[in-house]
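Trainee: Hey, dropping work_17.cif in here, mmCIF, C-alpha atoms:
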data_final
loop_
_atom_site.label_atom_id
_atom_site.label_comp_id
_atom_site.auth_asym_id
_atom_site.auth_seq_id
_atom_site.Cartn_x
_atom_site.Cartn_y
_atom_site.Cartn_z
CA MET A 5 0.00 0.00 0.00
CA PHE A 6 1.44 3.35 -0.87
CA ASP A 7 0.95 6.56 1.08
CA PHE A 8 -0.86 8.69 -1.51
CA ILE A 9 -1.23 11.91 0.54
CA GLY A 10 2.29 11.78 1.99
CA ASP A 11 4.00 10.98 -1.30
CA THR A 12 2.13 13.58 -3.36
CA ASP A 13 2.88 16.15 -0.61
CA ALA A 14 6.60 15.40 -0.82
CA THR A 15 6.56 15.54 -4.63
CA HIS A 16 4.58 18.77 -4.50
CA ARG A 17 7.21 20.36 -2.22
CA VAL A 18 10.09 19.24 -4.44
CA LEU A 19 8.37 20.66 -7.56
CA ASP A 20 7.64 23.88 -5.66
CA GLY A 21 11.28 24.20 -4.60
CA LEU A 22 12.53 23.49 -8.13
CA VAL A 23 10.26 26.13 -9.70
CA THR A 24 11.41 28.69 -7.09
CA ARG A 25 15.02 27.73 -7.82
CA SER A 26 14.60 28.21 -11.57
CA LYS A 27 13.03 31.64 -10.99
CA VAL A 28 15.93 32.60 -8.74
CA ILE A 29 18.40 31.42 -11.42
CA MET A 30 16.64 33.64 -13.97
CA HIS A 31 16.77 36.50 -11.47
CA ASN A 32 20.53 35.96 -11.07
CA LEU A 33 21.00 35.86 -14.85
CA ALA A 34 18.95 39.04 -15.30
CA ASN A 35 21.26 40.73 -12.78
CA GLN A 36 24.56 39.42 -14.15
CA ASN A 37 25.55 42.99 -15.10
CA THR A 38 24.15 44.77 -12.04
CA PRO A 39 27.04 46.35 -10.09
CA GLY A 40 27.56 44.83 -6.67
CA TYR A 41 24.84 42.19 -7.07
CA LYS A 42 25.21 38.98 -5.09
CA ALA A 43 23.56 35.78 -6.33
CA TYR A 44 20.65 34.17 -4.50
CA ARG A 45 20.38 30.45 -3.78
CA VAL A 46 17.39 28.30 -2.89
CA ARG A 47 17.57 25.57 -0.29
CA PHE A 48 14.84 23.01 0.23
CA GLU A 49 16.45 19.56 -0.04
CA GLU A 50 18.02 19.80 3.43
CA LEU A 51 14.77 21.20 4.82
CA LEU A 52 12.82 18.23 3.39
CA GLN A 53 15.45 15.85 4.78
CA GLN A 54 15.22 17.49 8.22
CA ALA A 55 11.42 17.26 8.14
CA THR A 56 11.61 13.58 7.17
CA ASP A 57 14.10 12.86 9.98
CA SER A 58 12.06 14.64 12.64
CA GLY A 59 8.75 13.22 11.39
CA LYS A 60 7.18 16.59 10.64
CA PRO A 61 4.61 16.76 7.83
CA LEU A 62 6.35 17.56 4.53
CA GLY A 63 3.43 19.71 3.40
CA GLU A 64 4.62 22.47 5.75
CA VAL A 65 8.13 22.74 4.30
CA ARG A 66 8.69 25.93 2.26
CA PRO A 67 11.73 26.71 0.10
CA GLU A 68 14.10 29.30 1.49
CA ILE A 69 15.98 31.98 -0.44
CA ILE A 70 19.45 32.82 0.86
CA ARG A 71 22.12 35.17 -0.39
CA ASP A 72 25.48 33.86 -1.58
CA ASN A 73 27.93 36.52 -0.36
CA SER A 74 31.06 34.93 -1.84
CA GLY A 75 33.52 37.03 -3.83
CA SER A 76 34.97 40.37 -2.86
CA PRO A 77 32.49 42.91 -1.50
CA GLY A 78 31.03 45.19 -4.17
CA ASP A 79 31.80 42.68 -6.93
CA ASN A 80 29.12 40.88 -8.88
CA ASN A 81 29.49 37.12 -8.24
CA VAL A 82 27.13 35.70 -10.90
CA SER A 83 28.65 33.17 -13.29
CA ALA A 84 26.33 32.76 -16.28
CA MET A 85 27.68 29.30 -17.16
CA LYS A 86 27.19 28.06 -13.62
CA GLU A 87 23.61 29.35 -13.50
CA LEU A 88 22.74 27.82 -16.88
CA ALA A 89 24.18 24.46 -15.84
CA LEU A 90 22.18 24.63 -12.63
CA LEU A 91 19.02 25.46 -14.58
CA ASP A 92 19.47 22.42 -16.83
CA LYS A 93 19.85 20.26 -13.75
CA VAL A 94 16.66 21.76 -12.33
CA ARG A 95 14.83 21.01 -15.57
CA ILE A 96 15.82 17.34 -15.53
CA LEU A 97 14.86 16.96 -11.86
CA HIS A 98 11.56 18.73 -12.50
CA ASP A 99 10.86 16.30 -15.32
CA ILE A 100 11.58 13.30 -13.10
CA PHE A 101 9.36 14.54 -10.29
CA SER A 102 6.48 15.61 -12.51
CA ARG A 103 6.49 12.11 -14.06
CA ARG A 104 6.41 10.70 -10.57
CA ALA A 105 3.46 12.91 -9.62
CA ALA A 106 1.62 11.94 -12.81
CA GLY A 107 2.35 8.29 -11.96
CA TYR A 108 0.51 8.59 -8.62
CA PHE A 109 -2.59 9.85 -10.35
CA ASN A 110 -2.42 7.07 -12.94
CA HIS A 111 -2.26 4.54 -10.08
CA MET A 112 -5.31 6.19 -8.54
CA ASN A 113 -7.19 6.07 -11.84
CA THR A 114 -6.37 2.39 -12.23
CA ALA A 115 -7.58 1.68 -8.71
CA ILE A 116 -10.84 3.55 -9.30
CA ARG A 117 -11.57 2.00 -12.70
CA GLY A 118 -10.51 -1.46 -11.59
CA ARG A 119 -8.67 -2.39 -14.77
CA ILE A 120 -5.30 -1.76 -16.30
CA MET B 13 -5.69 34.34 -7.68
CA ASN B 14 -3.55 36.44 -9.96
CA PRO B 15 -1.88 34.04 -12.41
CA MET B 16 1.13 36.34 -12.63
CA HIS B 17 2.15 35.30 -9.12
CA GLY B 18 2.47 31.67 -10.12
CA VAL B 19 4.87 29.91 -12.45
CA PHE B 20 4.28 32.47 -15.21
CA ARG B 21 6.13 35.16 -13.28
CA GLY B 22 9.29 33.27 -14.24
CA PHE B 23 8.92 34.54 -17.80
CA ASP B 24 8.66 38.14 -16.55
CA ILE B 25 11.95 37.77 -14.68
CA ALA B 26 13.78 36.56 -17.79
CA ALA B 27 12.01 39.17 -19.93
CA SER B 28 13.15 41.99 -17.63
CA GLY B 29 16.75 40.89 -18.22
CA LEU B 30 16.22 40.82 -21.98
CA ALA B 31 14.61 44.28 -21.97
CA ALA B 32 17.40 45.78 -19.85
CA GLU B 33 20.16 44.37 -22.08
CA MET B 34 18.29 45.58 -25.16
CA ALA B 35 18.01 49.11 -23.76
CA ARG B 36 21.71 49.04 -22.90
CA SER B 37 22.60 48.04 -26.45
CA GLU B 38 20.59 51.02 -27.72
CA ILE B 39 22.70 53.34 -25.57
CA VAL B 40 25.88 51.75 -26.97
CA ALA B 41 24.50 52.26 -30.48
CA ALA B 42 23.85 55.93 -29.66
CA ASN B 43 27.44 56.31 -28.45
CA LEU B 44 28.82 54.71 -31.61
CA SER B 45 26.66 56.70 -34.01
CA ASN B 46 27.68 60.01 -32.38
CA ILE B 47 31.37 59.15 -32.29
CA ASN B 48 32.20 61.77 -34.96
CA GLN B 49 30.15 64.65 -33.58
CA VAL B 50 32.98 67.07 -32.79
CA GLY B 51 32.78 70.40 -30.94
CA ASN B 52 34.81 72.97 -29.04
CA ARG B 53 34.88 74.62 -25.59
CA GLU B 54 31.77 76.71 -26.31
CA SER B 55 29.67 73.98 -27.91
CA PRO B 56 31.01 70.70 -26.46
CA PRO B 57 30.98 67.50 -28.50
CA TYR B 58 28.79 64.49 -27.78
CA GLN B 59 29.32 63.03 -24.33
CA ARG B 60 29.31 59.30 -23.77
CA ARG B 61 26.14 57.85 -22.18
CA ALA B 62 26.18 54.87 -19.83
CA VAL B 63 23.53 52.94 -17.90
CA ILE B 64 23.03 51.74 -14.35
CA PHE B 65 21.28 48.43 -13.72
CA ASN B 66 19.32 47.81 -10.57
CA GLU B 67 17.83 44.69 -9.09
CA ILE B 68 14.05 45.02 -8.85
CA MET B 69 13.05 45.50 -5.23
CA ARG B 70 9.53 45.89 -4.04
CA ASP B 71 8.03 46.60 -0.66
CA MET B 72 6.71 43.91 1.66
CA HIS B 73 3.17 44.12 0.27
CA ASP B 74 4.15 42.89 -3.16
CA LYS B 75 6.60 40.03 -3.06
CA GLY B 76 5.88 39.38 -6.72
CA ALA B 77 7.32 36.20 -8.13
CA PHE B 78 8.49 34.83 -4.78
CA ARG B 79 5.37 35.29 -2.68
CA GLY B 80 5.32 33.03 0.36
CA VAL B 81 8.96 31.97 0.09
CA LYS B 82 11.10 32.43 3.18
CA GLY B 83 13.89 34.98 2.76
CA SER B 84 12.31 36.65 -0.29
CA GLU B 85 11.06 39.79 1.48
CA GLN B 86 13.58 41.97 -0.31
CA LEU B 87 13.33 40.15 -3.61
CA SER B 88 10.72 40.65 -6.29
CA GLY B 89 12.28 39.30 -9.44
CA GLY B 90 14.13 40.81 -12.37
CA VAL B 91 16.29 43.73 -13.24
CA THR B 92 15.57 47.29 -14.32
CA LEU B 93 17.59 49.93 -16.08
CA SER B 94 17.38 52.54 -13.35
CA SER B 95 19.12 55.44 -15.05
CA VAL B 96 21.11 56.62 -18.04
CA TYR B 97 23.87 59.03 -17.08
CA VAL B 98 26.12 61.30 -19.08
CA ASP B 99 29.79 60.53 -18.60
CA ASP B 100 31.27 64.02 -17.98
CA LYS B 101 34.34 62.72 -16.10
CA THR B 102 36.25 61.20 -19.00
CA PRO B 103 38.07 64.06 -20.85
CA PHE B 104 37.39 64.78 -24.52
CA LYS B 105 39.96 63.83 -27.13
CA GLU B 106 41.74 66.66 -28.92
CA ILE B 107 42.23 66.20 -32.64
CA SER B 108 43.74 68.50 -35.24
CA GLN B 109 41.28 69.65 -37.94
CA PRO B 110 42.43 73.12 -38.99
CA GLY B 111 39.81 73.47 -41.74
CA ASN B 112 36.90 72.80 -39.40
CA PRO B 113 34.85 75.93 -38.58
CA LEU B 114 34.58 74.63 -34.98
CA ALA B 115 38.38 74.55 -34.56
CA ASP B 116 40.12 76.98 -32.18
CA GLU B 117 43.09 79.22 -33.12
CA HIS B 118 45.46 76.20 -33.04
CA GLY B 119 43.27 74.13 -35.36
CA ILE B 120 42.16 71.81 -32.55
CA VAL B 121 38.61 70.43 -32.23
CA LEU B 122 37.26 68.33 -29.37
CA ALA B 123 36.05 64.81 -30.19
CA PRO B 124 33.58 62.82 -28.07
CA ASN B 125 34.92 60.84 -25.08
CA VAL B 126 33.70 57.61 -26.70
CA ASP B 127 36.22 54.81 -27.09
CA MET B 128 35.05 52.70 -30.02
CA PHE B 129 36.82 49.51 -28.90
CA LYS B 130 35.40 49.77 -25.41
CA GLU B 131 31.91 50.13 -26.87
CA MET B 132 32.44 47.11 -29.12
CA VAL B 133 33.55 45.03 -26.15
CA ASP B 134 30.46 46.22 -24.24
CA LEU B 135 28.32 45.16 -27.17
CA THR B 136 29.81 41.65 -27.06
CA VAL B 137 29.15 41.41 -23.33
CA ILE B 138 25.54 42.51 -23.93
CA GLU B 139 25.12 39.88 -26.64
CA ARG B 140 26.39 37.12 -24.35
CA SER B 141 24.15 38.23 -21.48
CA PHE B 142 21.16 38.43 -23.79
CA GLN B 143 21.92 34.92 -25.06
CA ALA B 144 22.15 33.56 -21.52
CA ASP B 145 18.80 35.16 -20.54
CA LEU B 146 17.16 33.77 -23.65
CA THR B 147 18.54 30.27 -23.05
CA ALA B 148 17.24 30.37 -19.49
CA MET B 149 13.80 31.45 -20.70
CA ARG B 150 13.69 28.59 -23.23
CA THR B 151 14.78 26.05 -20.63
CA TYR B 152 12.08 27.29 -18.25
CA ARG B 153 9.51 27.09 -21.02
CA SER B 154 10.42 23.51 -21.92
CA MET B 155 10.30 22.62 -18.21
CA LEU B 156 6.66 23.76 -18.02
CA GLN B 157 5.86 22.17 -21.38
CA ASN B 158 7.26 18.83 -20.22
CA THR B 159 5.14 19.00 -17.09
CA ILE B 160 2.00 19.45 -19.17
CA ASN B 161 2.98 16.49 -21.38
CA ASN B 162 3.78 14.30 -18.38
CA PHE B 163 0.32 14.81 -16.93
CA ARG B 164 -1.43 14.00 -20.20
#
Please go through the file and, once you have read it, give me the structure as structure tokens.
Mentor:
Amino acid sequence: MFDFIGDTDATHRVLDGLVTRSKVIMHNLANQNTPGYKAYRVRFEELLQQATDSGKPLGEVRPEIIRDNSGSPGDNNVSAMKELALLDKVRILHDIFSRRAAGYFNHMNTAIRGRI
Amino acid sequence: MNPMHGVFRGFDIAASGLAAEMARSEIVAANLSNINQVGNRESPPYQRRAVIFNEIMRDMHDKGAFRGVKGSEQLSGGVTLSSVYVDDKTPFKEISQPGNPLADEHGIVLAPNVDMFKEMVDLTVIERSFQADLTAMRTYRSMLQNTINNFR
């Protein structure tokens, strides 16, 4: 028996975090020529892991935006290649997880209809 | 619910970058096309224009694209060309054109403080940034498209 609510919640949170991350990447790319701009990063994997470890409901986890202050102060620290590579990674992960989410609903449909 | 606060706001973020780079390239084009507009002390030549980019910041009531995300209070999404300034710090070049009616008693006219090679390099940087923004927008688009297909 699979945990429909719990699993779709977890998948939902991962998709949510990935979409936020891709928006932040596009924000960083838009600001690659802004003087003194520091890139933003999104963290949610560790937060999901922590929630899983402590047994908290995953539906309450929200992605978090943090600032990457590396590089000398006053310098822009956006690397376009790095951001684009990260965005491609996000796209692949998003694809995997949206397939997974679609899979849950197909299972549900099969269960309701009673045939494959 | 306003659909612009959802996934579609991602396109606005990328589009703001494209628009800002485009506006910057227009300023570079203006600099290059006025590179031969000479003058003298009384009627100065063309002065180089440059732009300042600014991250888009909104107040707490409109968190825009990142509504409900922790740590996004200062962040709305995108970039804006906040101002175009006239570069009056770089000195004008002095060139000898004795026949020019604008020339002084020594035959010297003032040429704009535009460095053509610097502008060309700027243009290349703009092109690369534009390309990166566009690639990101396409990737985002295909991400959403794939999601739709996966749920079909």
Trainee: Counting all atoms listed in the file, give me one row per residue of chain B with an atom at most 7 Å from an atom of chain A, showing the shortest contact pair and its distance in Å to one decimal, sorted by chain then residue number, as a tab-separated table.
Mentor:
residue	atom	partner	partner_atom	distance
B:Gly22	CA	A:Lys27	CA	5.2
B:Ile25	CA	A:His31	CA	5.9
B:Ala26	CA	A:Met30	CA	5.6
B:Ser28	CA	A:Ala34	CA	6.9
B:Gly29	CA	A:Ala34	CA	4.1
B:Phe65	CA	A:Thr38	CA	4.9
B:Asn66	CA	A:Thr38	CA	5.9
B:Glu67	CA	A:Asn35	CA	6.4
B:Val81	CA	A:Pro67	CA	5.9
B:Lys82	CA	A:Glu68	CA	4.7
B:Gly83	CA	A:Ile69	CA	4.9
B:Ser84	CA	A:Ile69	CA	5.9
B:Gly89	CA	A:His31	CA	5.7
B:Gly90	CA	A:His31	CA	5.1
B:Val91	CA	A:Ala34	CA	5.8
B:Ala144	CA	A:Ala84	CA	6.8
B:Asp145	CA	A:Leu33	CA	6.1
B:Ala148	CA	A:Met30	CA	6.4
B:Met155	CA	A:Arg95	CA	5.5
B:Asn158	CA	A:Asp99	CA	6.6
B:Thr159	CA	A:Ser102	CA	5.9
B:Asn162	CA	A:Arg103	CA	5.6
B:Phe163	CA	A:Ala106	CA	5.2
Trainee: For the atom pair CA of Asn112 (chain B) and CA of Asn48 (chain B), what is the interatomic distance in Å to one decimal place?
Mentor: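 The value is 12.8 Å.
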Trainee: Any idea what the distance is between CA of Asn73 (chain A) and CA of Arg47 (chain A)?
Mentor: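 That distance, rounded to one decimal, is 15.1 Å.
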Trainee: Nearest to Ala55 (chain A): which of A:Arg17, A:Arg119, A:Lys86, A:His111 is it, counting all atoms listed in the file?
Mentor: A:Arg17
Trainee: Report, in Å with one decimal, the straight-line distance from CA of Thr12 (chain A) to CA of Arg150 (chain B).
Mentor: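 Computing the Euclidean distance for CA of Thr12 (chain A) and CA of Arg150 (chain B) yields 27.5 Å.
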Trainee: Have a look at A:Ala14, A:Pro77, A:Ala115, A:Phe8 and name the one nearest to Lys60 (chain A); count all atoms listed in the file.
Mentor: A:Ala14
Trainee: Contacts of region 34-46 of chain B at 8 Å or less, counting all atoms listed in the file, minus same-chain residues fewer than 2 places along, as a compact mmCIF listing (two decimals) with C-alpha atoms, in the coordinates of the input?
Mentor:
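File written: part.txt
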# COMPACT_ATOMS: atom_id res chain seq x y z
CA LEU B 30 16.22 40.82 -21.98
CA ALA B 31 14.61 44.28 -21.97
CA ALA B 32 17.40 45.78 -19.85
CA ASN B 48 32.20 61.77 -34.96
CA GLN B 49 30.15 64.65 -33.58
CA TYR B 58 28.79 64.49 -27.78
CA ARG B 60 29.31 59.30 -23.77
CA ARG B 61 26.14 57.85 -22.18
CA ALA B 62 26.18 54.87 -19.83
CA VAL B 63 23.53 52.94 -17.90
CA LEU B 93 17.59 49.93 -16.08
CA PRO B 124 33.58 62.82 -28.07
CA VAL B 126 33.70 57.61 -26.70
CA MET B 128 35.05 52.70 -30.02
CA GLU B 131 31.91 50.13 -26.87
CA ASP B 134 30.46 46.22 -24.24
CA LEU B 135 28.32 45.16 -27.17
CA ILE B 138 25.54 42.51 -23.93
CA PHE B 142 21.16 38.43 -23.79
Trainee: Residues at most 8 Å from Lys42 (chain A), counting all atoms listed in the file, excluding those fewer than 6 positions away in the same chain, as a list in words?
Mentor: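 After dropping sequence-adjacent residues, the list is Arg71, Asp72, Asn73, Ser74, Asp79, Asn80, Asn81 and Val82 of chain A.
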Trainee: Which one of A:Arg117, A:Met112, A:His16, A:Gly75 sits closest to Leu52 (chain A) if you count only C-alpha atoms?
Mentor: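 Of the candidates, the smallest distance to Leu52 (chain A) is held by A:His16.
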Trainee: Please provide as number ranges by chain all residues within 10 Å of Lys105 (chain B), with the sequence filter that same-chain residues fewer than 4 positions apart are discarded (counting only C-alpha atoms).
Mentor: B: 50, 57, 120-127
Trainee: Which residues, protein or nucleic acid, reach to within 7 Å of (42.2, 67.6, -36.1) in the file's coordinates when using only C-alpha atoms, and can you give that as a list in words?
Mentor: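 Output: Ile107, Ser108, Gln109, Pro110, Gly119, Ile120 and Val121 of chain B.
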Trainee: Is it possible to produce a file of region 73-90 of chain A from this structure, with N, CA and C atoms, as a compact mmCIF listing (two decimals), in the first residue's frame?
Mentor:
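Done, and the output landed in part_9.txt:
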# COMPACT_ATOMS: atom_id res chain seq x y z
N ASN A 73 27.10 35.32 -0.46
CA ASN A 73 27.93 36.52 -0.36
C ASN A 73 29.39 36.27 -0.73
N SER A 74 29.66 35.20 -1.49
CA SER A 74 31.06 34.93 -1.84
C SER A 74 31.59 35.99 -2.80
N GLY A 75 32.89 36.00 -2.98
CA GLY A 75 33.52 37.03 -3.83
C GLY A 75 33.80 38.28 -3.04
N SER A 76 34.62 39.17 -3.62
CA SER A 76 34.97 40.37 -2.86
C SER A 76 33.76 41.30 -2.78
N PRO A 77 33.64 42.04 -1.68
CA PRO A 77 32.49 42.91 -1.50
C PRO A 77 32.41 43.95 -2.61
N GLY A 78 31.20 44.22 -3.10
CA GLY A 78 31.03 45.19 -4.17
C GLY A 78 31.21 44.61 -5.55
N ASP A 79 31.66 43.34 -5.63
CA ASP A 79 31.80 42.68 -6.93
C ASP A 79 30.58 41.82 -7.21
N ASN A 80 30.20 41.76 -8.47
CA ASN A 80 29.12 40.88 -8.88
C ASN A 80 29.67 39.44 -8.91
N ASN A 81 28.97 38.49 -8.28
CA ASN A 81 29.49 37.12 -8.24
C ASN A 81 28.65 36.12 -9.04
N VAL A 82 27.93 36.61 -10.06
CA VAL A 82 27.13 35.70 -10.90
C VAL A 82 28.01 35.14 -12.02
N SER A 83 27.99 33.81 -12.15
CA SER A 83 28.65 33.17 -13.29
C SER A 83 27.56 32.60 -14.18
N ALA A 84 27.43 33.15 -15.39
CA ALA A 84 26.33 32.76 -16.28
C ALA A 84 26.37 31.27 -16.59
N MET A 85 27.57 30.72 -16.82
CA MET A 85 27.68 29.30 -17.16
C MET A 85 27.20 28.43 -16.01
N LYS A 86 27.58 28.82 -14.80
CA LYS A 86 27.19 28.06 -13.62
C LYS A 86 25.67 28.06 -13.47
N GLU A 87 25.07 29.23 -13.65
CA GLU A 87 23.61 29.35 -13.50
C GLU A 87 22.88 28.53 -14.56
N LEU A 88 23.40 28.57 -15.81
CA LEU A 88 22.74 27.82 -16.88
C LEU A 88 22.85 26.32 -16.65
N ALA A 89 24.01 25.89 -16.15
CA ALA A 89 24.18 24.46 -15.84
C ALA A 89 23.22 24.04 -14.75
N LEU A 90 23.08 24.90 -13.74
CA LEU A 90 22.18 24.63 -12.63
C LEU A 90 20.73 24.55 -13.12
